[in-house]
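**Student:** File coords27.txt follows (compact mmCIF, C-alpha atoms (C1' of nucleotides)):
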```txt
# COMPACT_ATOMS: atom_id res chain seq x y z
CA MET Z 1 -58.17 76.47 -66.28
CA ALA Z 2 -58.13 79.28 -63.80
CA THR Z 3 -57.57 76.89 -60.97
CA THR Z 4 -54.83 78.98 -59.44
CA GLY Z 5 -55.19 82.41 -61.05
CA LYS Z 6 -58.09 84.65 -60.20
CA VAL Z 7 -60.70 85.59 -62.77
CA ARG Z 8 -59.81 89.23 -63.20
CA GLY Z 9 -59.00 92.42 -61.43
CA SER Z 10 -55.96 93.58 -59.48
CA TYR Z 11 -56.38 91.09 -56.65
CA ALA Z 12 -54.75 88.43 -58.74
CA LYS Z 13 -51.53 89.46 -57.06
CA THR Z 14 -52.63 88.37 -53.60
CA PRO Z 15 -50.45 85.26 -53.35
CA ALA Z 16 -47.38 87.29 -54.26
CA ARG Z 17 -48.30 89.93 -51.72
CA ARG Z 18 -48.78 87.33 -49.04
CA ARG Z 19 -45.37 85.95 -49.84
CA GLU Z 20 -43.76 89.39 -49.56
CA ILE Z 21 -45.39 89.89 -46.20
CA LEU Z 22 -44.16 86.52 -44.96
CA GLU Z 23 -40.61 87.31 -46.03
CA ALA Z 24 -40.73 90.59 -44.14
CA GLY Z 25 -42.31 88.74 -41.25
CA ILE Z 26 -39.34 86.41 -41.06
CA ASP Z 27 -37.01 89.40 -40.92
CA VAL Z 28 -38.88 91.23 -38.21
CA PHE Z 29 -39.81 88.27 -36.03
CA SER Z 30 -36.27 86.93 -36.26
CA THR Z 31 -34.66 90.08 -34.94
CA SER Z 32 -37.36 91.25 -32.54
CA GLY Z 33 -39.24 88.09 -31.71
CA PHE Z 34 -42.99 87.75 -31.97
CA ARG Z 35 -43.99 89.71 -28.90
CA SER Z 36 -41.93 92.77 -29.52
CA GLY Z 37 -41.89 92.61 -33.31
CA SER Z 38 -44.70 94.70 -34.75
CA ILE Z 39 -46.95 94.12 -37.73
CA ARG Z 40 -46.57 97.82 -38.35
CA GLU Z 41 -42.90 97.38 -39.11
CA ILE Z 42 -43.56 94.35 -41.25
CA ALA Z 43 -46.11 96.35 -43.20
CA GLU Z 44 -43.68 99.22 -43.70
CA ARG Z 45 -41.05 96.89 -45.12
CA VAL Z 46 -43.52 95.69 -47.71
CA GLY Z 47 -44.51 99.28 -48.37
CA MET Z 48 -48.05 99.12 -47.15
CA SER Z 49 -50.09 100.24 -44.17
CA GLN Z 50 -50.66 98.14 -41.10
CA ALA Z 51 -54.37 97.95 -41.89
CA GLY Z 52 -53.53 96.82 -45.40
CA LEU Z 53 -51.48 93.96 -44.03
CA LEU Z 54 -54.32 92.84 -41.83
CA HIS Z 55 -56.38 92.31 -44.94
CA HIS Z 56 -54.10 89.34 -45.73
CA PHE Z 57 -53.70 87.98 -42.22
CA SER Z 58 -56.54 88.72 -39.90
CA ASN Z 59 -54.35 89.09 -36.84
CA LYS Z 60 -50.79 88.92 -35.63
CA SER Z 61 -50.87 85.32 -34.45
CA GLU Z 62 -52.21 84.14 -37.77
CA LEU Z 63 -49.29 85.84 -39.48
CA LEU Z 64 -46.89 84.08 -37.13
CA ALA Z 65 -48.43 80.72 -37.93
CA ALA Z 66 -48.03 81.37 -41.65
CA VAL Z 67 -44.40 82.42 -41.16
CA LEU Z 68 -43.64 79.20 -39.29
CA GLU Z 69 -45.39 77.15 -41.94
CA LEU Z 70 -43.31 78.77 -44.67
CA ARG Z 71 -40.13 78.01 -42.79
CA ASP Z 72 -41.15 74.39 -42.36
CA ASP Z 73 -41.93 73.99 -46.02
CA ARG Z 74 -38.53 75.32 -46.98
CA SER Z 75 -36.61 73.06 -44.62
CA ALA Z 76 -38.62 70.08 -45.77
CA GLU Z 77 -37.98 70.88 -49.44
CA LEU Z 78 -34.31 71.36 -48.95
CA VAL Z 79 -33.56 68.41 -46.74
CA PRO Z 80 -35.97 65.51 -46.73
CA ILE Z 81 -35.32 63.80 -43.43
CA ASP Z 82 -38.70 62.15 -43.22
CA ASP Z 83 -38.12 59.13 -45.40
CA GLU Z 84 -39.71 56.26 -43.51
CA HIS Z 85 -36.91 53.83 -44.36
CA ALA Z 86 -33.90 56.11 -44.08
CA GLY Z 87 -31.21 55.54 -41.50
CA ILE Z 88 -27.96 57.29 -42.10
CA GLU Z 89 -29.58 59.28 -44.91
CA SER Z 90 -31.70 61.09 -42.34
CA VAL Z 91 -28.65 61.87 -40.27
CA ARG Z 92 -26.88 63.18 -43.35
CA GLY Z 93 -29.92 65.26 -44.21
CA PHE Z 94 -29.85 66.80 -40.76
CA VAL Z 95 -26.20 67.74 -41.10
CA ASN Z 96 -26.82 69.14 -44.58
CA LEU Z 97 -29.55 71.30 -43.12
CA MET Z 98 -27.02 72.68 -40.67
CA ASP Z 99 -24.71 73.57 -43.53
CA TYR Z 100 -27.59 75.25 -45.29
CA ASN Z 101 -28.53 77.11 -42.13
CA ALA Z 102 -25.10 78.71 -42.04
CA THR Z 103 -26.09 80.48 -45.26
CA VAL Z 104 -29.36 81.88 -43.91
CA PRO Z 105 -28.71 83.59 -40.56
CA GLY Z 106 -32.19 85.07 -40.60
CA LEU Z 107 -33.83 81.66 -40.45
CA VAL Z 108 -31.49 80.54 -37.69
CA GLU Z 109 -32.29 83.62 -35.68
CA LEU Z 110 -35.99 83.08 -36.25
CA HIS Z 111 -35.77 79.59 -34.85
CA CYS Z 112 -33.68 80.49 -31.81
CA THR Z 113 -35.69 83.55 -30.91
CA LEU Z 114 -39.12 82.01 -31.35
CA SER Z 115 -38.35 78.66 -29.76
CA ALA Z 116 -37.06 80.39 -26.65
CA GLU Z 117 -40.02 82.77 -26.54
CA ALA Z 118 -42.43 79.90 -27.10
CA THR Z 119 -41.18 78.26 -23.97
CA ALA Z 120 -43.81 80.34 -22.19
CA ALA Z 121 -47.08 78.42 -21.96
CA GLU Z 122 -49.25 81.27 -23.21
CA HIS Z 123 -47.17 81.98 -26.27
CA PRO Z 124 -49.12 81.53 -29.52
CA ALA Z 125 -46.41 79.22 -30.87
CA HIS Z 126 -46.04 77.16 -27.68
CA GLN Z 127 -47.88 74.09 -28.91
CA TYR Z 128 -46.30 74.43 -32.33
CA PHE Z 129 -42.81 74.06 -30.90
CA ILE Z 130 -43.78 71.21 -28.61
CA ASP Z 131 -45.15 69.34 -31.62
CA ARG Z 132 -42.23 70.25 -33.80
CA TYR Z 133 -39.60 69.01 -31.36
CA ALA Z 134 -41.56 65.82 -30.82
CA PHE Z 135 -41.69 65.35 -34.57
CA VAL Z 136 -38.02 66.02 -35.27
CA VAL Z 137 -36.77 64.00 -32.30
CA GLY Z 138 -39.15 61.23 -33.34
CA GLN Z 139 -37.85 61.18 -36.91
CA MET Z 140 -34.26 61.07 -35.80
CA THR Z 141 -34.99 58.45 -33.17
CA ARG Z 142 -36.41 56.15 -35.83
CA ALA Z 143 -33.42 56.82 -38.06
CA PHE Z 144 -31.07 55.83 -35.25
CA GLU Z 145 -33.17 52.75 -34.50
CA ARG Z 146 -32.63 51.58 -38.06
CA MET Z 147 -28.94 52.28 -37.72
CA ARG Z 148 -28.82 50.35 -34.48
CA ALA Z 149 -30.42 47.38 -36.23
CA ALA Z 150 -27.76 47.65 -38.92
CA GLY Z 151 -25.02 47.76 -36.31
CA GLN Z 152 -24.10 51.34 -37.20
CA LEU Z 153 -24.71 52.87 -33.77
CA VAL Z 154 -22.36 52.34 -30.85
CA ALA Z 155 -23.75 50.20 -28.06
CA SER Z 156 -23.48 52.81 -25.34
CA THR Z 157 -26.04 55.11 -26.96
CA THR Z 158 -29.80 54.79 -27.14
CA PRO Z 159 -31.50 55.90 -30.34
CA GLU Z 160 -33.62 58.44 -28.52
CA GLY Z 161 -30.68 59.75 -26.54
CA ALA Z 162 -28.72 60.24 -29.72
CA ALA Z 163 -31.68 61.97 -31.35
CA ARG Z 164 -32.21 64.34 -28.44
CA ALA Z 165 -28.53 65.11 -28.18
CA MET Z 166 -28.33 65.83 -31.89
CA VAL Z 167 -31.20 68.27 -31.78
CA ALA Z 168 -29.91 69.88 -28.60
CA LEU Z 169 -26.41 70.24 -29.99
CA SER Z 170 -27.82 71.84 -33.10
CA ASP Z 171 -29.86 74.37 -31.13
CA GLY Z 172 -27.03 75.24 -28.79
CA LEU Z 173 -24.51 75.68 -31.57
CA GLN Z 174 -26.90 78.05 -33.28
CA VAL Z 175 -26.91 80.37 -30.29
CA GLN Z 176 -23.11 80.46 -30.12
CA TRP Z 177 -22.93 80.97 -33.87
CA LEU Z 178 -25.42 83.83 -33.81
CA LEU Z 179 -23.48 85.57 -31.06
CA ASP Z 180 -20.19 85.14 -32.93
CA ARG Z 181 -20.25 83.61 -36.37
CA SER Z 182 -16.53 83.09 -36.47
CA SER Z 183 -16.58 80.97 -33.34
CA VAL Z 184 -18.19 77.80 -34.65
CA ASP Z 185 -18.67 75.69 -37.74
CA MET Z 186 -22.00 74.24 -36.75
CA ALA Z 187 -22.16 71.35 -39.20
CA GLU Z 188 -18.55 70.40 -38.59
CA GLU Z 189 -19.08 70.30 -34.84
CA MET Z 190 -22.07 68.05 -35.41
CA ARG Z 191 -20.11 65.71 -37.67
CA HIS Z 192 -17.56 65.47 -34.94
CA TYR Z 193 -20.16 64.41 -32.42
CA LEU Z 194 -21.62 61.88 -34.84
CA ARG Z 195 -18.25 60.30 -35.54
CA GLY Z 196 -18.15 59.47 -31.85
CA ILE Z 197 -21.42 57.56 -31.84
CA LEU Z 198 -21.48 55.96 -35.30
CA THR Z 199 -19.50 52.96 -36.45
CA VAL Z 200 -19.71 53.96 -40.09
CA GLU Z 201 -18.60 56.93 -42.17
CA LEU Z 202 -21.03 59.77 -42.65
CA MET F 1 -19.96 99.25 13.07
CA ALA F 2 -22.40 100.64 10.54
CA THR F 3 -20.35 99.32 7.67
CA THR F 4 -23.30 97.68 6.03
CA GLY F 5 -26.33 99.14 7.79
CA LYS F 6 -27.44 102.70 7.22
CA VAL F 7 -27.32 105.31 10.02
CA ARG F 8 -31.02 105.76 10.57
CA GLY F 9 -34.35 106.30 8.90
CA SER F 10 -36.54 104.06 6.80
CA TYR F 11 -34.10 103.73 3.92
CA ALA F 12 -32.22 101.09 5.81
CA LYS F 13 -34.37 98.60 3.98
CA THR F 14 -33.13 99.57 0.55
CA PRO F 15 -30.90 96.52 -0.03
CA ALA F 16 -33.78 94.22 0.84
CA ARG F 17 -36.07 96.14 -1.48
CA ARG F 18 -33.58 95.91 -4.29
CA ARG F 19 -33.37 92.20 -3.77
CA GLU F 20 -37.13 91.81 -3.90
CA ILE F 21 -37.21 93.75 -7.14
CA LEU F 22 -34.48 91.59 -8.64
CA GLU F 23 -36.34 88.41 -7.71
CA ALA F 24 -39.47 89.71 -9.36
CA GLY F 25 -37.34 90.80 -12.30
CA ILE F 26 -36.12 87.25 -12.77
CA ASP F 27 -39.71 86.03 -12.84
CA VAL F 28 -40.95 88.56 -15.33
CA PHE F 29 -37.96 88.63 -17.65
CA SER F 30 -37.83 84.86 -17.68
CA THR F 31 -41.38 84.43 -18.86
CA SER F 32 -41.72 87.52 -21.05
CA GLY F 33 -38.15 88.34 -21.99
CA PHE F 34 -36.60 91.74 -21.60
CA ARG F 35 -38.28 93.54 -24.47
CA SER F 36 -41.80 92.52 -23.73
CA GLY F 37 -41.50 92.17 -19.98
CA SER F 38 -42.47 95.39 -18.26
CA ILE F 39 -41.07 97.12 -15.23
CA ARG F 40 -44.66 97.89 -14.38
CA GLU F 41 -45.40 94.25 -13.83
CA ILE F 42 -42.23 93.78 -11.85
CA ALA F 43 -43.23 96.71 -9.66
CA GLU F 44 -46.69 95.30 -9.12
CA ARG F 45 -45.28 91.98 -7.97
CA VAL F 46 -43.24 93.76 -5.34
CA GLY F 47 -46.28 95.81 -4.39
CA MET F 48 -45.04 99.20 -5.45
CA SER F 49 -45.58 101.66 -8.25
CA GLN F 50 -43.52 101.71 -11.42
CA ALA F 51 -42.09 105.10 -10.51
CA GLY F 52 -41.16 103.73 -7.11
CA LEU F 53 -39.19 100.94 -8.73
CA LEU F 54 -37.28 103.41 -10.87
CA HIS F 55 -35.99 104.97 -7.70
CA HIS F 56 -33.88 101.81 -7.19
CA PHE F 57 -32.88 101.23 -10.79
CA SER F 58 -32.74 104.30 -12.94
CA ASN F 59 -33.93 102.55 -16.05
CA LYS F 60 -35.00 99.22 -17.47
CA SER F 61 -31.62 98.23 -18.89
CA GLU F 62 -29.91 98.86 -15.58
CA LEU F 63 -32.40 96.56 -13.91
CA LEU F 64 -31.62 93.89 -16.47
CA ALA F 65 -27.92 94.20 -15.82
CA ALA F 66 -28.50 93.79 -12.09
CA VAL F 67 -30.68 90.73 -12.68
CA LEU F 68 -27.98 89.11 -14.80
CA GLU F 69 -25.37 89.91 -12.20
CA LEU F 70 -27.45 88.29 -9.48
CA ARG F 71 -27.86 85.17 -11.57
CA ASP F 72 -24.12 84.98 -12.18
CA ASP F 73 -23.34 85.34 -8.50
CA ARG F 74 -25.67 82.50 -7.64
CA SER F 75 -24.26 80.13 -10.21
CA ALA F 76 -20.74 80.98 -9.16
CA GLU F 77 -21.52 80.40 -5.49
CA LEU F 78 -23.19 77.12 -6.10
CA VAL F 79 -20.78 75.62 -8.53
CA PRO F 80 -17.25 76.92 -8.63
CA ILE F 81 -15.99 75.97 -12.06
CA ASP F 82 -13.36 78.64 -12.24
CA ASP F 83 -10.59 76.98 -10.28
CA GLU F 84 -7.45 77.66 -12.28
CA HIS F 85 -6.02 74.20 -11.72
CA ALA F 86 -9.15 72.12 -12.01
CA GLY F 87 -9.63 69.59 -14.76
CA ILE F 88 -12.31 67.03 -14.20
CA GLU F 89 -13.52 69.00 -11.18
CA SER F 90 -14.66 71.77 -13.54
CA VAL F 91 -16.50 69.29 -15.70
CA ARG F 92 -18.15 67.83 -12.62
CA GLY F 93 -19.08 71.33 -11.50
CA PHE F 94 -20.74 71.99 -14.82
CA VAL F 95 -22.80 68.82 -14.60
CA ASN F 96 -23.75 69.61 -11.02
CA LEU F 97 -24.94 73.00 -12.20
CA MET F 98 -27.22 71.24 -14.68
CA ASP F 99 -28.67 69.14 -11.86
CA TYR F 100 -29.22 72.29 -9.87
CA ASN F 101 -30.82 73.99 -12.85
CA ALA F 102 -33.46 71.29 -13.00
CA THR F 103 -34.65 72.58 -9.61
CA VAL F 104 -34.95 76.21 -10.72
CA PRO F 105 -36.95 76.36 -13.96
CA GLY F 106 -37.19 80.13 -13.68
CA LEU F 107 -33.46 80.59 -13.97
CA VAL F 108 -33.28 78.20 -16.90
CA GLU F 109 -36.03 80.07 -18.67
CA LEU F 110 -34.28 83.35 -17.96
CA HIS F 111 -31.12 82.11 -19.59
CA CYS F 112 -32.80 80.64 -22.66
CA THR F 113 -35.07 83.58 -23.27
CA LEU F 114 -32.48 86.29 -22.76
CA SER F 115 -29.63 84.59 -24.61
CA ALA F 116 -31.86 84.14 -27.65
CA GLU F 117 -33.13 87.70 -27.45
CA ALA F 118 -29.61 89.04 -26.98
CA THR F 119 -28.63 87.53 -30.26
CA ALA F 120 -29.82 90.80 -31.79
CA ALA F 121 -26.93 93.26 -31.97
CA GLU F 122 -28.87 96.16 -30.45
CA HIS F 123 -30.06 94.22 -27.43
CA PRO F 124 -28.84 95.69 -24.12
CA ALA F 125 -27.48 92.29 -23.07
CA HIS F 126 -25.81 91.50 -26.40
CA GLN F 127 -22.26 92.14 -25.28
CA TYR F 128 -22.93 90.54 -21.93
CA PHE F 129 -23.79 87.22 -23.54
CA ILE F 130 -20.89 87.38 -25.98
CA ASP F 131 -18.55 87.87 -23.04
CA ARG F 132 -20.25 85.23 -20.93
CA TYR F 133 -20.07 82.53 -23.58
CA ALA F 134 -16.44 83.38 -24.23
CA PHE F 135 -15.77 83.08 -20.52
CA VAL F 136 -17.56 79.80 -19.96
CA VAL F 137 -16.22 78.18 -23.12
CA GLY F 138 -12.77 79.44 -22.14
CA GLN F 139 -12.98 77.95 -18.64
CA MET F 140 -14.11 74.61 -19.95
CA THR F 141 -11.52 74.63 -22.70
CA ARG F 142 -8.76 75.03 -20.13
CA ALA F 143 -10.25 72.29 -18.01
CA PHE F 144 -10.24 69.93 -20.99
CA GLU F 145 -6.69 70.97 -21.84
CA ARG F 146 -5.60 69.84 -18.39
CA MET F 147 -7.49 66.62 -18.86
CA ARG F 148 -5.85 66.11 -22.23
CA ALA F 149 -2.45 66.53 -20.61
CA ALA F 150 -3.45 63.92 -18.04
CA GLY F 151 -4.57 61.54 -20.76
CA GLN F 152 -8.19 61.80 -19.69
CA LEU F 153 -9.61 63.09 -22.96
CA VAL F 154 -10.02 60.88 -26.02
CA ALA F 155 -7.65 61.70 -28.86
CA SER F 156 -10.35 62.46 -31.42
CA THR F 157 -11.59 65.51 -29.52
CA THR F 158 -10.05 68.96 -29.19
CA PRO F 159 -10.42 70.71 -25.84
CA GLU F 160 -12.18 73.65 -27.41
CA GLY F 161 -14.47 71.43 -29.44
CA ALA F 162 -15.43 69.53 -26.32
CA ALA F 163 -16.03 72.77 -24.44
CA ARG F 164 -18.23 74.25 -27.17
CA ALA F 165 -20.17 71.03 -27.54
CA MET F 166 -20.73 70.83 -23.81
CA VAL F 167 -22.10 74.34 -23.62
CA ALA F 168 -24.20 73.85 -26.76
CA LEU F 169 -25.62 70.58 -25.51
CA SER F 170 -26.51 72.23 -22.23
CA ASP F 171 -28.32 75.10 -23.94
CA GLY F 172 -30.17 72.87 -26.34
CA LEU F 173 -31.29 70.45 -23.66
CA GLN F 174 -32.66 73.36 -21.68
CA VAL F 175 -34.99 74.32 -24.52
CA GLN F 176 -36.32 70.78 -24.84
CA TRP F 177 -36.67 70.52 -21.09
CA LEU F 178 -38.57 73.79 -20.84
CA LEU F 179 -40.99 72.70 -23.56
CA ASP F 180 -41.57 69.33 -21.88
CA ARG F 181 -39.94 68.67 -18.55
CA SER F 182 -40.67 64.98 -18.65
CA SER F 183 -38.81 64.55 -21.90
CA VAL F 184 -35.23 64.96 -20.74
CA ASP F 185 -32.93 64.52 -17.78
CA MET F 186 -30.50 67.27 -18.71
CA ALA F 187 -27.61 66.31 -16.45
CA GLU F 188 -27.93 62.63 -17.30
CA GLU F 189 -27.84 63.36 -21.01
CA MET F 190 -24.72 65.41 -20.44
CA ARG F 191 -23.04 62.65 -18.44
CA HIS F 192 -23.78 60.33 -21.29
CA TYR F 193 -22.05 62.62 -23.77
CA LEU F 194 -19.06 63.01 -21.46
CA ARG F 195 -18.64 59.28 -21.01
CA GLY F 196 -18.07 59.16 -24.74
CA ILE F 197 -15.20 61.64 -24.73
CA LEU F 198 -13.52 60.93 -21.40
CA THR F 199 -11.27 58.02 -20.54
CA VAL F 200 -11.97 58.30 -16.82
CA GLU F 201 -15.02 58.08 -14.61
CA LEU F 202 -16.92 61.24 -13.82
C1' DG Y 1 -38.50 106.04 -0.44
C1' DT Y 2 -42.71 106.08 -2.49
C1' DC Y 3 -46.59 108.10 -4.63
C1' DT Y 4 -49.66 110.40 -8.41
C1' DA Y 5 -49.79 112.57 -12.68
C1' DT Y 6 -48.38 113.10 -17.07
C1' DA Y 7 -45.72 113.34 -21.24
C1' DG Y 8 -44.70 110.98 -25.42
C1' DA Y 9 -44.11 106.99 -28.02
C1' DG Y 10 -45.86 102.80 -29.98
C1' DG Y 11 -48.75 98.84 -30.28
C1' DG Y 12 -53.21 95.84 -32.37
C1' DA Y 13 -57.45 95.91 -34.21
C1' DT Y 14 -61.70 97.92 -36.41
C1' DA Y 15 -64.68 101.06 -39.43
C1' DG Y 16 -65.45 102.88 -43.50
C1' DA Y 17 -64.02 105.36 -47.85
C1' DC Y 18 -62.21 104.53 -52.39
C1' DG N 1 -56.86 95.44 -52.00
C1' DT N 2 -55.39 99.30 -49.83
C1' DC N 3 -55.85 103.49 -47.41
C1' DT N 4 -56.83 106.94 -43.49
C1' DA N 5 -58.65 107.68 -39.19
C1' DT N 6 -59.46 106.27 -34.85
C1' DC N 7 -60.12 103.70 -30.47
C1' DC N 8 -58.06 101.99 -26.65
C1' DC N 9 -54.46 99.88 -24.62
C1' DT N 10 -49.56 99.48 -22.73
C1' DC N 11 -45.18 101.03 -22.14
C1' DT N 12 -40.86 104.00 -20.22
C1' DA N 13 -39.36 107.91 -18.13
C1' DT N 14 -39.74 112.33 -15.76
C1' DA N 15 -41.64 116.01 -12.54
C1' DG N 16 -42.98 117.12 -8.36
C1' DA N 17 -45.66 116.31 -3.91
C1' DC N 18 -45.37 114.04 0.54
```
What does the file become when written as structure tokens?
**Tutor:**
Amino acid sequence: MATTGKVRGSYAKTPARRREILEAGIDVFSTSGFRSGSIREIAERVGMSQAGLLHHFSNKSELLAAVLELRDDRSAELVPIDDEHAGIESVRGFVNLMDYNATVPGLVELHCTLSAEATAAEHPAHQYFIDRYAFVVGQMTRAFERMRAAGQLVASTTPEGAARAMVALSDGLQVQWLLDRSSVDMAEEMRHYLRGILTVEL
Amino acid sequence: MATTGKVRGSYAKTPARRREILEAGIDVFSTSGFRSGSIREIAERVGMSQAGLLHHFSNKSELLAAVLELRDDRSAELVPIDDEHAGIESVRGFVNLMDYNATVPGLVELHCTLSAEATAAEHPAHQYFIDRYAFVVGQMTRAFERMRAAGQLVASTTPEGAARAMVALSDGLQVQWLLDRSSVDMAEEMRHYLRGILTVEL
DNA sequence: GTCTATAGAGGGATAGAC
DNA sequence: GTCTATCCCTCTATAGAC
């Protein structure tokens, strides 16, 4: 017993507090980015002082890392695309994630804003995004390789090319969608692309 | 005579100075974005004080607008995609622009960083990017419409869908390329996509 | 046209009380 | 665990001298 809860005292609420801070962090970093978003504003949204916030995350970069981790966990929960034997299931999972994304503009904005910012070599999330793209493109490449083996991928496309194009299309559609949400149905546009390179139904 | 040059005095150099500032502005805004890039740093790069810079551009937003205008002019000069009768020529122009982009990482970074930032409604370049995407997607849509009429576009694709996908693919590939330049050949990836939706050679 | 000086706002992080 | 106070930094924009 008492493996998760604390022994006593008011600091038992720390995990909940951390979670509140992370939620506010998503909001602020998504609209202002990391560099120009302030931990002061995040703290205010949670109703605490900036110094109080820094009790939970010792500095701004650490908070960013925790925000990114939370986002990853949620995507992974919602759409498991990392099954080591999945082919078309991974592709379907990716498209489902795009449908889900259309319901959470904040998360989409977070991704677009931070990935563009993190393009700069000195950005605290630079390596994170390099690794993350390598991971996602890698997963999708393997999924397409299995589909190729099953004769489900058109001959003109390489698995890696398809994977990169899929990720790129997703990112680009997000920008257009954020600028004008009525302009694009992101998942539908992706399905359209996929129909062109797959020999089977989605 | 004296249509472009000034009558006399040292302020004849103003246009050149403005240009220098804009070049430095591209550098700084591309790596730091608009919000966290500072006019101070831009001024330093040109070798002048921050107050001196503000003699040429009355505030930071005005400088941003001028930077974006300069970028537009360059792209337009290099790759005319706005011919009102062009079909495949516009598509070729777009791909050529992607090849050119691979030689000017700074401009690519500027676009990615600012377009993501400008996703926020209060951003000074918000409307600019809405208009710009509408323009580019519109131009490419009309080009694909002409190609459709000429039987050069596969039946499964709509002109607007193709245009949006082309722009999205371009944007997304830029992010991956900026994070790891050895990972993607942006123009080649685009040609590959186009081969799938066109019935003629590029 | 460019400078210095300065106003005025906001940021991150730390120290120390409670 | 949270606060106030504070340090020190950076930023934009303006005023006014040269």
**Student:** Dump as a count of residues only the residues of chain F that approach chain N to within 12 Å, counting all atoms listed in the file.
**Tutor:** 18
**Student:** Measuring atom to atom with only C-alpha atoms, identify which of Z:Val79, Z:Val46, Z:Ala125, Z:Leu179 is nearest to Tyr100 in chain Z.
**Tutor:**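 For Tyr100 in chain Z, the nearest of the candidates is Z:Val79.
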**Student:** Quick one: pull the distance between CA of Gly106 in chain F and CA of Phe135 in chain Z, Å, one decimal.
**Tutor:**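 It comes out at 26.0 Å.
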**Student:** Please return, as JSON, numbers by chain, all residues of chain F lying within 9 Å of chain Z when all atoms listed in the file are considered.
**Tutor:** {"F": [30, 31, 32, 33, 35, 36, 109, 112, 113, 114, 115, 116, 117, 118, 119, 120, 121, 126, 127, 129, 130, 133, 156, 157, 161, 164, 165, 166, 167, 168, 169, 170, 171, 172, 173, 174, 175, 176, 178, 179, 180, 184, 189, 190, 192, 193, 196, 197]}
**Student:** Tell me as a short mmCIF file (atom, residue, chain, number, x, y, z; two decimals) with C-alpha atoms (C1' of nucleotides), in the coordinates of the input which residues belonging to chain Y come within 8 Å of chain F, counting only C-alpha atoms (C1' of nucleotides).
**Tutor:**
```cif
data_model
loop_
_atom_site.label_atom_id
_atom_site.label_comp_id
_atom_site.auth_asym_id
_atom_site.auth_seq_id
_atom_site.Cartn_x
_atom_site.Cartn_y
_atom_site.Cartn_z
"C1'" DG Y 1 -38.50 106.04 -0.44
"C1'" DT Y 2 -42.71 106.08 -2.49
"C1'" DC Y 3 -46.59 108.10 -4.63
#
```
**Student:** Between CA of Arg181 in chain F and CA of Gly87 in chain Z, what is the spacing in Å?
**Tutor:** 27.8 Å
**Student:** When you draw a straight line from CA of Glu20 in chain Z to CA of Leu63 in chain Z, how long is it in Å?
**Tutor:** 12.0 Å
**Student:** Starting from 6 Å padding per side, set up an axis-aligned box that covers all listed atoms of chain N and hand over centre and edge lengths in Å, one decimal, as AutoDock Vina command-line options.
**Tutor:**
```
--center_x -49.7 --center_y 106.3 --center_z -25.7 --size_x 32.8 --size_y 33.7 --size_z 64.5
```
**Student:** Taking the point (-33.0, 83.1, -11.9) as given in the file, collect each protein or nucleic acid residue that comes within 6 Å of it, counting all atoms listed in the file, and present the set as JSON, numbers by chain.
**Tutor:** {"F": [26, 71, 106, 107]}
**Student:** Near Val95 in chain Z, within 9 Å and counting all atoms listed in the file, which residues show up once chain neighbours fewer than 2 positions away are dropped, as a list in words?
**Tutor:**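 Residues meeting the cut-off are Ser90, Val91, Arg92, Gly93, Leu97, Met98, Asp99, Tyr100, Met186, Ala187, Glu188, Met190 and Arg191 of chain Z.
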**Student:** Write the selection just made, keeping C-alpha atoms, as a PDB file, in the coordinates of the input?
**Tutor:**
```
ATOM      1  CA  SER Z  90     -31.700  61.090 -42.340  1.00  0.00           C
ATOM      2  CA  VAL Z  91     -28.650  61.870 -40.270  1.00  0.00           C
ATOM      3  CA  ARG Z  92     -26.880  63.180 -43.350  1.00  0.00           C
ATOM      4  CA  GLY Z  93     -29.920  65.260 -44.210  1.00  0.00           C
ATOM      5  CA  LEU Z  97     -29.550  71.300 -43.120  1.00  0.00           C
ATOM      6  CA  MET Z  98     -27.020  72.680 -40.670  1.00  0.00           C
ATOM      7  CA  ASP Z  99     -24.710  73.570 -43.530  1.00  0.00           C
ATOM      8  CA  TYR Z 100     -27.590  75.250 -45.290  1.00  0.00           C
ATOM      9  CA  MET Z 186     -22.000  74.240 -36.750  1.00  0.00           C
ATOM     10  CA  ALA Z 187     -22.160  71.350 -39.200  1.00  0.00           C
ATOM     11  CA  GLU Z 188     -18.550  70.400 -38.590  1.00  0.00           C
ATOM     12  CA  MET Z 190     -22.070  68.050 -35.410  1.00  0.00           C
ATOM     13  CA  ARG Z 191     -20.110  65.710 -37.670  1.00  0.00           C
TER      14      ARG Z 191
END
```
